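Chemist: Structure supplied as query04.cif; contents: mmCIF, C-alpha atoms.
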```
data_model
loop_
_atom_site.group_PDB
_atom_site.id
_atom_site.type_symbol
_atom_site.label_atom_id
_atom_site.label_comp_id
_atom_site.auth_asym_id
_atom_site.auth_seq_id
_atom_site.Cartn_x
_atom_site.Cartn_y
_atom_site.Cartn_z
ATOM 1 C CA MET A 15 -69.990 -63.123 -41.281
ATOM 2 C CA SER A 16 -69.211 -64.862 -44.571
ATOM 3 C CA ALA A 17 -65.675 -65.960 -45.423
ATOM 4 C CA ALA A 18 -65.616 -63.516 -48.335
ATOM 5 C CA TRP A 19 -66.424 -60.525 -46.123
ATOM 6 C CA MET A 20 -63.855 -61.596 -43.538
ATOM 7 C CA ALA A 21 -61.163 -61.724 -46.224
ATOM 8 C CA VAL A 22 -62.253 -58.325 -47.571
ATOM 9 C CA LEU A 23 -62.040 -56.721 -44.104
ATOM 10 C CA PHE A 24 -58.688 -58.284 -43.131
ATOM 11 C CA VAL A 25 -57.011 -57.502 -46.466
ATOM 12 C CA GLY A 26 -58.425 -53.969 -46.325
ATOM 13 C CA ALA A 27 -57.221 -53.312 -42.786
ATOM 14 C CA GLY A 28 -53.775 -54.784 -43.479
ATOM 15 C CA THR A 29 -53.336 -52.777 -46.667
ATOM 16 C CA VAL A 30 -54.413 -49.527 -45.013
ATOM 17 C CA VAL A 31 -51.756 -50.104 -42.331
ATOM 18 C CA LEU A 32 -49.029 -50.967 -44.884
ATOM 19 C CA LYS A 33 -49.787 -47.836 -46.918
ATOM 20 C CA SER A 34 -49.734 -45.657 -43.775
ATOM 21 C CA VAL A 35 -46.440 -46.894 -42.281
ATOM 22 C CA GLY A 36 -44.335 -44.314 -44.112
ATOM 23 C CA PRO A 37 -46.588 -41.244 -44.402
ATOM 24 C CA VAL A 38 -47.889 -41.478 -40.807
ATOM 25 C CA GLY A 39 -45.080 -43.255 -38.953
ATOM 26 C CA VAL A 40 -41.947 -41.746 -40.489
ATOM 27 C CA ALA A 41 -43.205 -38.393 -41.764
ATOM 28 C CA HIS A 42 -41.621 -35.965 -39.324
ATOM 29 C CA ARG A 43 -38.334 -37.762 -38.791
ATOM 30 C CA ARG A 44 -35.204 -36.598 -40.556
ATOM 31 C CA LEU A 45 -33.493 -39.601 -42.090
ATOM 32 C CA PRO A 46 -29.688 -39.759 -42.426
ATOM 33 C CA ALA A 47 -28.484 -38.682 -45.891
ATOM 34 C CA ARG A 48 -27.088 -42.142 -46.569
ATOM 35 C CA VAL A 49 -30.493 -43.728 -45.898
ATOM 36 C CA ASP A 50 -32.210 -41.098 -48.039
ATOM 37 C CA GLN A 51 -29.897 -41.971 -50.881
ATOM 38 C CA LEU A 52 -30.687 -45.683 -50.627
ATOM 39 C CA LEU A 53 -34.434 -44.945 -50.429
ATOM 40 C CA GLY A 54 -34.118 -43.147 -53.762
ATOM 41 C CA LEU A 55 -33.044 -46.427 -55.348
ATOM 42 C CA ILE A 56 -36.169 -48.264 -54.193
ATOM 43 C CA ALA A 57 -38.227 -46.928 -57.119
ATOM 44 C CA PRO A 58 -36.049 -48.389 -59.901
ATOM 45 C CA SER A 59 -35.591 -51.696 -58.055
ATOM 46 C CA ILE A 60 -39.293 -52.225 -57.264
ATOM 47 C CA LEU A 61 -40.468 -51.075 -60.693
ATOM 48 C CA ALA A 62 -37.992 -53.440 -62.390
ATOM 49 C CA ALA A 63 -39.334 -56.305 -60.259
ATOM 50 C CA LEU A 64 -42.887 -55.268 -61.200
ATOM 51 C CA VAL A 65 -41.995 -55.323 -64.915
ATOM 52 C CA VAL A 66 -40.614 -58.856 -64.528
ATOM 53 C CA THR A 67 -43.713 -59.906 -62.567
ATOM 54 C CA GLU A 68 -46.236 -58.349 -64.957
ATOM 55 C CA ALA A 69 -44.432 -59.646 -68.042
ATOM 56 C CA PHE A 70 -43.218 -63.129 -67.122
ATOM 57 C CA ALA A 71 -44.735 -64.377 -63.864
ATOM 58 C CA SER A 72 -47.641 -66.782 -63.794
ATOM 59 C CA GLY A 73 -48.062 -67.747 -60.165
ATOM 60 C CA ARG A 74 -44.716 -69.287 -59.256
ATOM 61 C CA SER A 75 -43.503 -69.963 -62.781
ATOM 62 C CA LEU A 76 -41.787 -67.809 -65.360
ATOM 63 C CA VAL A 77 -43.508 -68.053 -68.729
ATOM 64 C CA LEU A 78 -43.144 -66.507 -72.165
ATOM 65 C CA ASP A 79 -46.589 -65.713 -73.530
ATOM 66 C CA ALA A 80 -48.494 -63.012 -75.410
ATOM 67 C CA ARG A 81 -47.559 -60.442 -72.756
ATOM 68 C CA LEU A 82 -44.024 -60.472 -74.202
ATOM 69 C CA ALA A 83 -45.429 -58.827 -77.349
ATOM 70 C CA GLY A 84 -47.051 -56.194 -75.142
ATOM 71 C CA VAL A 85 -43.759 -55.491 -73.390
ATOM 72 C CA ALA A 86 -41.895 -55.296 -76.716
ATOM 73 C CA ALA A 87 -44.487 -52.913 -78.180
ATOM 74 C CA GLY A 88 -44.430 -50.852 -74.996
ATOM 75 C CA LEU A 89 -40.637 -50.670 -75.089
ATOM 76 C CA VAL A 90 -40.681 -49.473 -78.704
ATOM 77 C CA ALA A 91 -43.274 -46.845 -77.778
ATOM 78 C CA VAL A 92 -41.136 -45.700 -74.827
ATOM 79 C CA LEU A 93 -38.016 -45.483 -77.022
ATOM 80 C CA LEU A 94 -40.010 -43.405 -79.544
ATOM 81 C CA ARG A 95 -40.928 -41.106 -76.632
ATOM 82 C CA ALA A 96 -44.616 -41.830 -77.155
ATOM 83 C CA PRO A 97 -47.083 -40.467 -74.559
ATOM 84 C CA LEU A 98 -48.202 -42.786 -71.797
ATOM 85 C CA TRP A 99 -51.614 -43.548 -73.303
ATOM 86 C CA ALA A 100 -49.899 -44.697 -76.516
ATOM 87 C CA VAL A 101 -47.610 -47.026 -74.539
ATOM 88 C CA ILE A 102 -50.657 -48.584 -72.837
ATOM 89 C CA VAL A 103 -52.586 -48.951 -76.108
ATOM 90 C CA ALA A 104 -49.534 -50.431 -77.874
ATOM 91 C CA GLY A 105 -49.132 -52.975 -75.078
ATOM 92 C CA ALA A 106 -52.816 -53.970 -75.169
ATOM 93 C CA VAL A 107 -53.079 -54.207 -78.971
ATOM 94 C CA ALA A 108 -49.858 -56.224 -79.388
ATOM 95 C CA THR A 109 -50.847 -58.656 -76.638
ATOM 96 C CA ALA A 110 -54.403 -59.081 -77.938
ATOM 97 C CA LEU A 111 -53.168 -59.623 -81.524
ATOM 98 C CA VAL A 112 -50.662 -62.298 -80.531
ATOM 99 C CA ARG A 113 -53.323 -63.974 -78.413
ATOM 100 C CA LEU A 114 -55.727 -63.877 -81.357
ATOM 101 C CA VAL A 115 -53.381 -65.643 -83.781
ATOM 102 C CA SER A 116 -51.837 -68.133 -81.373
ATOM 103 C CA MET B 98 -53.717 -31.761 -57.935
ATOM 104 C CA ARG B 99 -55.191 -30.733 -61.291
ATOM 105 C CA LYS B 100 -51.799 -31.518 -62.822
ATOM 106 C CA GLY B 101 -51.987 -34.965 -61.232
ATOM 107 C CA VAL B 102 -55.409 -35.597 -62.747
ATOM 108 C CA ARG B 103 -54.001 -34.647 -66.159
ATOM 109 C CA VAL B 104 -50.970 -36.908 -65.667
ATOM 110 C CA GLY B 105 -53.195 -39.770 -64.536
ATOM 111 C CA ALA B 106 -55.890 -39.391 -67.228
ATOM 112 C CA PRO B 107 -54.221 -41.780 -69.726
ATOM 113 C CA LEU B 108 -54.423 -44.508 -67.080
ATOM 114 C CA PHE B 109 -58.117 -44.007 -66.390
ATOM 115 C CA PRO B 110 -59.452 -46.377 -69.102
ATOM 116 C CA ALA B 111 -56.961 -49.066 -68.039
ATOM 117 C CA ALA B 112 -58.006 -48.722 -64.382
ATOM 118 C CA LEU B 113 -61.652 -48.911 -65.436
ATOM 119 C CA ALA B 114 -61.043 -52.065 -67.492
ATOM 120 C CA LEU B 115 -58.935 -53.729 -64.809
ATOM 121 C CA GLY B 116 -61.555 -52.801 -62.202
ATOM 122 C CA ALA B 117 -64.235 -54.387 -64.374
ATOM 123 C CA SER B 118 -62.242 -57.588 -64.734
ATOM 124 C CA PHE B 119 -61.786 -57.671 -60.952
ATOM 125 C CA GLY B 120 -65.547 -57.190 -60.529
ATOM 126 C CA VAL B 121 -66.261 -60.115 -62.867
ATOM 127 C CA LEU B 122 -63.686 -62.304 -61.119
ATOM 128 C CA ALA B 123 -65.064 -61.391 -57.684
ATOM 129 C CA ARG B 124 -68.537 -62.568 -58.659
ATOM 130 C CA THR B 125 -67.199 -65.916 -59.871
ATOM 131 C CA ALA B 126 -65.524 -66.282 -56.438
ATOM 132 C CA HIS B 127 -68.897 -65.689 -54.728
ATOM 133 C CA LEU B 128 -68.057 -62.214 -53.531
ATOM 134 C CA GLY B 129 -71.205 -60.059 -53.686
ATOM 135 C CA ALA B 130 -71.239 -56.822 -55.675
ATOM 136 C CA VAL B 131 -71.276 -54.763 -52.463
ATOM 137 C CA ALA B 132 -68.269 -56.628 -51.039
ATOM 138 C CA ALA B 133 -66.358 -56.275 -54.329
ATOM 139 C CA VAL B 134 -66.957 -52.511 -54.550
ATOM 140 C CA PHE B 135 -66.228 -52.061 -50.833
ATOM 141 C CA MET B 136 -62.942 -53.901 -51.299
ATOM 142 C CA SER B 137 -61.904 -51.749 -54.268
ATOM 143 C CA ALA B 138 -62.742 -48.572 -52.348
ATOM 144 C CA THR B 139 -60.828 -49.546 -49.193
ATOM 145 C CA THR B 140 -57.996 -51.852 -50.290
ATOM 146 C CA PHE B 141 -57.367 -50.082 -53.635
ATOM 147 C CA ALA B 142 -54.574 -52.403 -54.781
ATOM 148 C CA GLY B 143 -55.212 -54.407 -57.926
ATOM 149 C CA SER B 144 -52.934 -57.423 -57.687
ATOM 150 C CA ALA B 145 -53.710 -58.067 -54.008
ATOM 151 C CA GLN B 146 -57.463 -57.939 -54.633
ATOM 152 C CA VAL B 147 -57.184 -60.308 -57.577
ATOM 153 C CA ALA B 148 -55.091 -62.639 -55.405
ATOM 154 C CA THR B 149 -57.690 -62.543 -52.618
ATOM 155 C CA VAL B 150 -60.597 -63.557 -54.812
ATOM 156 C CA SER B 151 -58.485 -66.098 -56.734
ATOM 157 C CA VAL B 152 -57.544 -67.896 -53.521
ATOM 158 C CA LEU B 153 -61.119 -67.729 -52.216
ATOM 159 C CA GLY B 154 -62.461 -68.939 -55.570
ATOM 160 C CA ALA B 155 -60.075 -71.889 -55.516
ATOM 161 C CA GLY B 156 -61.354 -72.820 -52.042
ATOM 162 C CA GLY B 157 -58.145 -71.742 -50.338
ATOM 163 C CA GLY B 158 -59.715 -70.282 -47.210
ATOM 164 C CA VAL B 159 -59.630 -66.863 -45.565
ATOM 165 C CA ALA B 160 -56.183 -67.120 -43.951
ATOM 166 C CA ALA B 161 -54.484 -68.143 -47.204
ATOM 167 C CA ALA B 162 -56.272 -65.385 -49.129
ATOM 168 C CA VAL B 163 -55.322 -62.707 -46.608
ATOM 169 C CA ALA B 164 -51.691 -63.886 -46.433
ATOM 170 C CA ALA B 165 -51.323 -63.888 -50.231
ATOM 171 C CA ALA B 166 -52.808 -60.404 -50.522
ATOM 172 C CA LEU B 167 -50.772 -58.840 -47.728
ATOM 173 C CA LEU B 168 -47.515 -60.317 -49.065
ATOM 174 C CA LEU B 169 -48.325 -58.666 -52.391
ATOM 175 C CA ASN B 170 -49.003 -55.377 -50.630
ATOM 176 C CA ALA B 171 -45.989 -55.535 -48.328
ATOM 177 C CA ARG B 172 -44.115 -53.378 -50.866
ATOM 178 C CA TYR B 173 -46.261 -50.419 -49.796
ATOM 179 C CA ALA B 174 -44.270 -50.191 -46.559
ATOM 180 C CA PRO B 175 -40.938 -49.342 -48.268
ATOM 181 C CA ILE B 176 -42.794 -47.359 -50.956
ATOM 182 C CA GLY B 177 -44.481 -45.265 -48.244
ATOM 183 C CA ILE B 178 -41.173 -44.647 -46.509
ATOM 184 C CA THR B 179 -39.637 -43.229 -49.718
ATOM 185 C CA ILE B 180 -42.278 -40.496 -49.820
ATOM 186 C CA ALA B 181 -42.897 -40.032 -46.090
ATOM 187 C CA SER B 182 -41.077 -36.697 -45.845
ATOM 188 C CA SER B 183 -43.266 -35.064 -48.512
ATOM 189 C CA PHE B 184 -46.516 -35.559 -46.577
ATOM 190 C CA ARG B 185 -47.851 -32.550 -44.631
ATOM 191 C CA GLY B 186 -50.507 -31.843 -42.051
ATOM 192 C CA SER B 187 -52.138 -33.820 -39.262
ATOM 193 C CA ALA B 188 -51.732 -37.564 -38.832
ATOM 194 C CA LEU B 189 -55.324 -38.087 -40.015
ATOM 195 C CA ARG B 190 -54.677 -36.087 -43.170
ATOM 196 C CA ARG B 191 -51.469 -37.993 -43.925
ATOM 197 C CA PHE B 192 -53.260 -41.266 -43.194
ATOM 198 C CA THR B 193 -56.059 -40.439 -45.626
ATOM 199 C CA GLN B 194 -53.733 -39.242 -48.385
ATOM 200 C CA ALA B 195 -51.537 -42.330 -47.969
ATOM 201 C CA GLN B 196 -54.430 -44.482 -49.158
ATOM 202 C CA LEU B 197 -54.061 -42.943 -52.642
ATOM 203 C CA VAL B 198 -50.614 -44.505 -52.969
ATOM 204 C CA VAL B 199 -50.535 -47.219 -55.627
ATOM 205 C CA ASP B 200 -47.590 -48.257 -57.807
ATOM 206 C CA GLU B 201 -48.689 -46.013 -60.667
ATOM 207 C CA SER B 202 -49.432 -42.849 -58.658
ATOM 208 C CA TRP B 203 -46.145 -43.219 -56.753
ATOM 209 C CA ALA B 204 -44.083 -43.799 -59.904
ATOM 210 C CA LEU B 205 -45.697 -41.008 -61.952
ATOM 211 C CA ALA B 206 -45.165 -38.546 -59.094
ATOM 212 C CA GLY B 207 -41.444 -39.272 -59.109
ATOM 213 C CA GLY B 208 -41.098 -42.513 -57.142
ATOM 214 C CA GLY B 209 -39.841 -40.762 -54.032
ATOM 215 C CA GLY B 210 -36.922 -39.180 -55.886
ATOM 216 C CA PRO B 211 -35.708 -35.585 -55.508
ATOM 217 C CA ARG B 212 -38.440 -34.218 -57.800
ATOM 218 C CA PHE B 213 -41.260 -36.112 -56.065
ATOM 219 C CA ASP B 214 -44.550 -34.183 -56.332
ATOM 220 C CA ARG B 215 -47.159 -35.119 -53.739
ATOM 221 C CA ARG B 216 -49.922 -33.272 -55.590
ATOM 222 C CA VAL B 217 -49.319 -35.429 -58.674
ATOM 223 C CA LEU B 218 -49.537 -38.487 -56.432
ATOM 224 C CA LEU B 219 -52.902 -37.345 -55.072
ATOM 225 C CA GLY B 220 -54.271 -36.389 -58.508
ATOM 226 C CA VAL B 221 -53.202 -39.625 -60.182
ATOM 227 C CA GLY B 222 -54.317 -41.651 -57.150
ATOM 228 C CA SER B 223 -57.792 -40.063 -57.117
ATOM 229 C CA THR B 224 -58.217 -40.551 -60.865
ATOM 230 C CA LEU B 225 -57.249 -44.214 -60.626
ATOM 231 C CA TRP B 226 -59.455 -44.710 -57.556
ATOM 232 C CA VAL B 227 -62.536 -43.453 -59.398
ATOM 233 C CA GLY B 228 -61.765 -45.676 -62.395
ATOM 234 C CA TRP B 229 -60.976 -48.701 -60.255
ATOM 235 C CA VAL B 230 -64.084 -48.445 -58.040
ATOM 236 C CA GLY B 231 -66.371 -47.548 -60.965
ATOM 237 C CA GLY B 232 -64.958 -50.378 -63.048
ATOM 238 C CA THR B 233 -65.433 -52.829 -60.198
ATOM 239 C CA ALA B 234 -69.091 -51.817 -59.860
ATOM 240 C CA ALA B 235 -69.633 -52.211 -63.615
ATOM 241 C CA GLY B 236 -67.915 -55.599 -63.696
ATOM 242 C CA ALA B 237 -69.707 -56.913 -60.614
ATOM 243 C CA LEU B 238 -73.156 -55.776 -61.749
ATOM 244 C CA LEU B 239 -72.949 -56.210 -65.543
ATOM 245 C CA GLY B 240 -70.282 -58.914 -65.656
ATOM 246 C CA HIS B 241 -72.242 -61.360 -67.736
ATOM 247 C CA ALA B 242 -73.094 -58.730 -70.322
ATOM 248 C CA ILE B 243 -69.537 -57.458 -70.907
ATOM 249 C CA GLY B 244 -67.658 -60.753 -70.589
ATOM 250 C CA ASP B 245 -64.108 -60.914 -69.308
ATOM 251 C CA PRO B 246 -62.318 -57.676 -70.252
ATOM 252 C CA SER B 247 -58.908 -59.244 -69.624
ATOM 253 C CA LYS B 248 -59.022 -60.940 -73.018
ATOM 254 C CA PHE B 249 -58.376 -57.564 -74.662
ATOM 255 C CA GLY B 250 -54.685 -57.674 -73.773
ATOM 256 C CA LEU B 251 -55.095 -55.821 -70.502
ATOM 257 C CA ASP B 252 -52.305 -57.795 -68.834
ATOM 258 C CA GLY B 253 -49.914 -56.840 -71.641
ATOM 259 C CA ALA B 254 -51.033 -53.219 -71.343
ATOM 260 C CA PHE B 255 -50.027 -53.149 -67.673
ATOM 261 C CA ALA B 256 -46.693 -54.818 -68.422
ATOM 262 C CA ALA B 257 -46.050 -52.087 -71.026
ATOM 263 C CA LEU B 258 -47.139 -49.395 -68.557
ATOM 264 C CA PHE B 259 -44.610 -50.603 -66.001
ATOM 265 C CA VAL B 260 -41.883 -50.545 -68.686
ATOM 266 C CA ALA B 261 -42.673 -46.857 -69.201
ATOM 267 C CA LEU B 262 -42.745 -46.137 -65.448
ATOM 268 C CA LEU B 263 -39.406 -47.920 -65.021
ATOM 269 C CA ALA B 264 -37.813 -46.117 -67.973
ATOM 270 C CA ALA B 265 -38.605 -42.769 -66.335
ATOM 271 C CA GLN B 266 -36.616 -43.891 -63.282
ATOM 272 C CA LEU B 267 -33.405 -44.748 -65.146
ATOM 273 C CA THR B 268 -31.829 -41.305 -64.894
ATOM 274 C CA THR B 269 -28.394 -42.281 -63.550
ATOM 275 C CA SER B 270 -26.152 -45.313 -63.960
ATOM 276 C CA ARG B 271 -26.588 -46.205 -60.304
ATOM 277 C CA ARG B 272 -30.372 -46.229 -60.646
ATOM 278 C CA THR B 273 -30.007 -48.440 -63.733
ATOM 279 C CA VAL B 274 -27.808 -50.849 -61.767
ATOM 280 C CA ALA B 275 -30.432 -50.931 -58.983
ATOM 281 C CA ALA B 276 -33.107 -51.738 -61.594
ATOM 282 C CA ILE B 277 -31.039 -54.558 -63.121
ATOM 283 C CA GLY B 278 -30.405 -55.915 -59.633
ATOM 284 C CA GLY B 279 -34.105 -55.747 -58.762
ATOM 285 C CA ALA B 280 -35.082 -57.524 -61.996
ATOM 286 C CA LEU B 281 -32.515 -60.279 -61.402
ATOM 287 C CA ILE B 282 -33.675 -60.839 -57.825
ATOM 288 C CA ALA B 283 -37.280 -61.092 -59.033
ATOM 289 C CA VAL B 284 -36.406 -63.564 -61.806
ATOM 290 C CA LEU B 285 -34.441 -65.738 -59.385
ATOM 291 C CA LEU B 286 -37.094 -65.742 -56.655
ATOM 292 C CA ILE B 287 -40.369 -66.009 -58.592
ATOM 293 C CA PRO B 288 -40.110 -69.831 -58.952
ATOM 294 C CA PHE B 289 -39.372 -70.332 -55.261
ATOM 295 C CA ALA B 290 -41.224 -67.689 -53.233
ATOM 296 C CA PRO B 291 -44.925 -66.820 -52.901
ATOM 297 C CA PRO B 292 -46.070 -63.959 -55.183
ATOM 298 C CA GLY B 293 -45.174 -60.602 -53.649
ATOM 299 C CA VAL B 294 -42.054 -61.781 -51.871
ATOM 300 C CA PRO B 295 -39.810 -61.374 -54.960
ATOM 301 C CA ILE B 296 -40.900 -57.723 -55.260
ATOM 302 C CA ILE B 297 -40.049 -56.989 -51.629
ATOM 303 C CA ALA B 298 -36.737 -58.854 -51.945
ATOM 304 C CA ALA B 299 -35.901 -56.780 -55.031
ATOM 305 C CA THR B 300 -35.486 -53.746 -52.786
ATOM 306 C CA ALA B 301 -32.241 -55.363 -51.583
ATOM 307 C CA ALA B 302 -30.824 -54.069 -54.874
ATOM 308 C CA VAL B 303 -30.649 -50.592 -53.305
ATOM 309 C CA LEU B 304 -27.515 -51.813 -51.532
ATOM 310 C CA VAL B 305 -25.611 -51.138 -54.789
ATOM 311 C CA GLY B 306 -25.820 -47.523 -53.618
ATOM 312 C CA TRP B 307 -24.101 -48.258 -50.323
ATOM 313 C CA ARG B 308 -20.476 -48.017 -51.425
ATOM 314 C CA ARG B 309 -20.211 -44.765 -53.299
ATOM 315 C CA THR B 310 -21.723 -41.581 -51.855
#
```
Can you turn what I pasted into structure tokens?

Modeler:
Amino acid sequence: MSAAWMAVLFVGAGTVVLKSVGPVGVAHRRLPARVDQLLGLIAPSILAALVVTEAFASGRSLVLDARLAGVAAGLVAVLLRAPLWAVIVAGAVATALVRLVS
Amino acid sequence: MRKGVRVGAPLFPAALALGASFGVLARTAHLGAVAAVFMSATTFAGSAQVATVSVLGAGGGVAAAVAAALLLNARYAPIGITIASSFRGSALRRFTQAQLVVDESWALAGGGGPRFDRRVLLGVGSTLWVGWVGGTAAGALLGHAIGDPSKFGLDGAFAALFVALLAAQLTTSRRTVAAIGGALIAVLLIPFAPPGVPIIAATAAVLVGWRRT
């Protein structure tokens, strides 16, 4: 088997397991209310880390590049209560424009 | 589920474009079109797939590629636990539906909060899956004709999308504090830890909810 296929199969199997841990392994257990409450805070904490990663990370360095314009445009669109497609388009157009002129 | 498809529709073109750019990248890393499409259909996680082919393309070897990808996907364990109680039916059914969990479908369905809607998760997840797999096929087969789609600001589009998904989560001051904590942890760790680890570590910010009940 080629190295590429081996990587594809191992990453696939590992990801399938990671995605199943909660829905299959924890599904029928009642969690204590305190734990439930903390689990509710996972969404804002992970999504904030994903914003930082998508906007500023380049491998192991933090960089300011054209994506910053995309984030700024997206933020304006969010504050204007624009629909999701408009946020995505604003982010793409702003990033592409800055990249074009720089 | 129809509601989920409607909610997810705005993301379809972005998934298609990102899938295409993965397909192009996969070919440059000597992954065949069949392997690329198979990977998108089974792994269904953008950043981890990009990491896999990037490491392979740079000559990093299978073990390094798998480790990088699974670190990036490690967040799906805590993400899955936040929504575990909303899954119904047999283990096989829950297992199958769990594969439709990606950051976007989870966040748009409520991120495991009190108003979490599993049908939205499944609708958004299916919509994104079709776009992602179809895009991968297009990129892998027609890559040379369409060029690299990422030059159209796709990375900035996803950064903006995550801003919107995060904003929808900031409904209470405690959730906002958790978000600020998560962002700070990520900023501090990105220079020192392999990609993926800062995102997992950011979940430590939930401990701000420990004191008050």

Chemist: Taking only C-alpha atoms into account and nothing else, which residues of chain A lie no more than 7 Å away from chain B? Please answer as a ChimeraX atom specification.

Modeler: /A:17-19,21-22,24-26,28-30,32-38,40-42,52-66,68-69,73-76,81,84-85,88-89,92,98-99,101-103,105-107,109-110

Chemist: Atoms to include: C-alpha atoms. Write the selected residues as an mmCIF file, in the frame of the given file.

Modeler:
```cif
data_model
loop_
_atom_site.group_PDB
_atom_site.id
_atom_site.type_symbol
_atom_site.label_atom_id
_atom_site.label_comp_id
_atom_site.auth_asym_id
_atom_site.auth_seq_id
_atom_site.Cartn_x
_atom_site.Cartn_y
_atom_site.Cartn_z
ATOM 1 C CA ALA A 17 -65.675 -65.960 -45.423
ATOM 2 C CA ALA A 18 -65.616 -63.516 -48.335
ATOM 3 C CA TRP A 19 -66.424 -60.525 -46.123
ATOM 4 C CA ALA A 21 -61.163 -61.724 -46.224
ATOM 5 C CA VAL A 22 -62.253 -58.325 -47.571
ATOM 6 C CA PHE A 24 -58.688 -58.284 -43.131
ATOM 7 C CA VAL A 25 -57.011 -57.502 -46.466
ATOM 8 C CA GLY A 26 -58.425 -53.969 -46.325
ATOM 9 C CA GLY A 28 -53.775 -54.784 -43.479
ATOM 10 C CA THR A 29 -53.336 -52.777 -46.667
ATOM 11 C CA VAL A 30 -54.413 -49.527 -45.013
ATOM 12 C CA LEU A 32 -49.029 -50.967 -44.884
ATOM 13 C CA LYS A 33 -49.787 -47.836 -46.918
ATOM 14 C CA SER A 34 -49.734 -45.657 -43.775
ATOM 15 C CA VAL A 35 -46.440 -46.894 -42.281
ATOM 16 C CA GLY A 36 -44.335 -44.314 -44.112
ATOM 17 C CA PRO A 37 -46.588 -41.244 -44.402
ATOM 18 C CA VAL A 38 -47.889 -41.478 -40.807
ATOM 19 C CA VAL A 40 -41.947 -41.746 -40.489
ATOM 20 C CA ALA A 41 -43.205 -38.393 -41.764
ATOM 21 C CA HIS A 42 -41.621 -35.965 -39.324
ATOM 22 C CA LEU A 52 -30.687 -45.683 -50.627
ATOM 23 C CA LEU A 53 -34.434 -44.945 -50.429
ATOM 24 C CA GLY A 54 -34.118 -43.147 -53.762
ATOM 25 C CA LEU A 55 -33.044 -46.427 -55.348
ATOM 26 C CA ILE A 56 -36.169 -48.264 -54.193
ATOM 27 C CA ALA A 57 -38.227 -46.928 -57.119
ATOM 28 C CA PRO A 58 -36.049 -48.389 -59.901
ATOM 29 C CA SER A 59 -35.591 -51.696 -58.055
ATOM 30 C CA ILE A 60 -39.293 -52.225 -57.264
ATOM 31 C CA LEU A 61 -40.468 -51.075 -60.693
ATOM 32 C CA ALA A 62 -37.992 -53.440 -62.390
ATOM 33 C CA ALA A 63 -39.334 -56.305 -60.259
ATOM 34 C CA LEU A 64 -42.887 -55.268 -61.200
ATOM 35 C CA VAL A 65 -41.995 -55.323 -64.915
ATOM 36 C CA VAL A 66 -40.614 -58.856 -64.528
ATOM 37 C CA GLU A 68 -46.236 -58.349 -64.957
ATOM 38 C CA ALA A 69 -44.432 -59.646 -68.042
ATOM 39 C CA GLY A 73 -48.062 -67.747 -60.165
ATOM 40 C CA ARG A 74 -44.716 -69.287 -59.256
ATOM 41 C CA SER A 75 -43.503 -69.963 -62.781
ATOM 42 C CA LEU A 76 -41.787 -67.809 -65.360
ATOM 43 C CA ARG A 81 -47.559 -60.442 -72.756
ATOM 44 C CA GLY A 84 -47.051 -56.194 -75.142
ATOM 45 C CA VAL A 85 -43.759 -55.491 -73.390
ATOM 46 C CA GLY A 88 -44.430 -50.852 -74.996
ATOM 47 C CA LEU A 89 -40.637 -50.670 -75.089
ATOM 48 C CA VAL A 92 -41.136 -45.700 -74.827
ATOM 49 C CA LEU A 98 -48.202 -42.786 -71.797
ATOM 50 C CA TRP A 99 -51.614 -43.548 -73.303
ATOM 51 C CA VAL A 101 -47.610 -47.026 -74.539
ATOM 52 C CA ILE A 102 -50.657 -48.584 -72.837
ATOM 53 C CA VAL A 103 -52.586 -48.951 -76.108
ATOM 54 C CA GLY A 105 -49.132 -52.975 -75.078
ATOM 55 C CA ALA A 106 -52.816 -53.970 -75.169
ATOM 56 C CA VAL A 107 -53.079 -54.207 -78.971
ATOM 57 C CA THR A 109 -50.847 -58.656 -76.638
ATOM 58 C CA ALA A 110 -54.403 -59.081 -77.938
#
```

Chemist: For CA of Ser223 in chain B and CA of Ala112 in chain B, quote the distance in Å rounded to one decimal.

Modeler: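 So the two atoms, CA of Ser223 in chain B and CA of Ala112 in chain B, lie 11.3 Å apart.
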
Chemist: Grab all the atoms of range 214-222 of chain B that the file lists, wrap them in a box along x, y and z, add 4 Å per side, and give me centre plus edge lengths in Å (one decimal) as JSON.

Modeler:
```
{"center_x": -49.4, "center_y": -37.5, "center_z": -57.0, "size_x": 17.8, "size_y": 16.4, "size_z": 14.4}
```

Chemist: State, in Å with one decimal place, the distance from CA of Gly101 in chain B to CA of Pro97 in chain A.

Modeler: 15.2 Å

Chemist: Fix up range 81-86 of chain A with N, CA and C atoms, then write it as a PDB file, keeping the file's coordinate frame.

Modeler:
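And here is the file that came out, rebuild-v1.pdb:
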```pdb
ATOM      1  N   ARG A  81     -47.939 -61.698 -73.418  1.00  0.00           N
ATOM      2  CA  ARG A  81     -47.559 -60.442 -72.756  1.00  0.00           C
ATOM      3  C   ARG A  81     -46.211 -59.922 -73.244  1.00  0.00           C
ATOM      4  N   LEU A  82     -45.343 -60.870 -73.698  1.00  0.00           N
ATOM      5  CA  LEU A  82     -44.024 -60.472 -74.202  1.00  0.00           C
ATOM      6  C   LEU A  82     -44.168 -59.490 -75.367  1.00  0.00           C
ATOM      7  N   ALA A  83     -45.172 -59.737 -76.232  1.00  0.00           N
ATOM      8  CA  ALA A  83     -45.429 -58.827 -77.349  1.00  0.00           C
ATOM      9  C   ALA A  83     -45.847 -57.455 -76.821  1.00  0.00           C
ATOM     10  N   GLY A  84     -46.633 -57.454 -75.748  1.00  0.00           N
ATOM     11  CA  GLY A  84     -47.051 -56.194 -75.142  1.00  0.00           C
ATOM     12  C   GLY A  84     -45.874 -55.418 -74.595  1.00  0.00           C
ATOM     13  N   VAL A  85     -44.958 -56.134 -73.934  1.00  0.00           N
ATOM     14  CA  VAL A  85     -43.759 -55.491 -73.390  1.00  0.00           C
ATOM     15  C   VAL A  85     -42.896 -54.925 -74.513  1.00  0.00           C
ATOM     16  N   ALA A  86     -42.714 -55.738 -75.588  1.00  0.00           N
ATOM     17  CA  ALA A  86     -41.895 -55.296 -76.716  1.00  0.00           C
ATOM     18  C   ALA A  86     -42.494 -54.048 -77.356  1.00  0.00           C
TER      19      ALA A  86
END
```
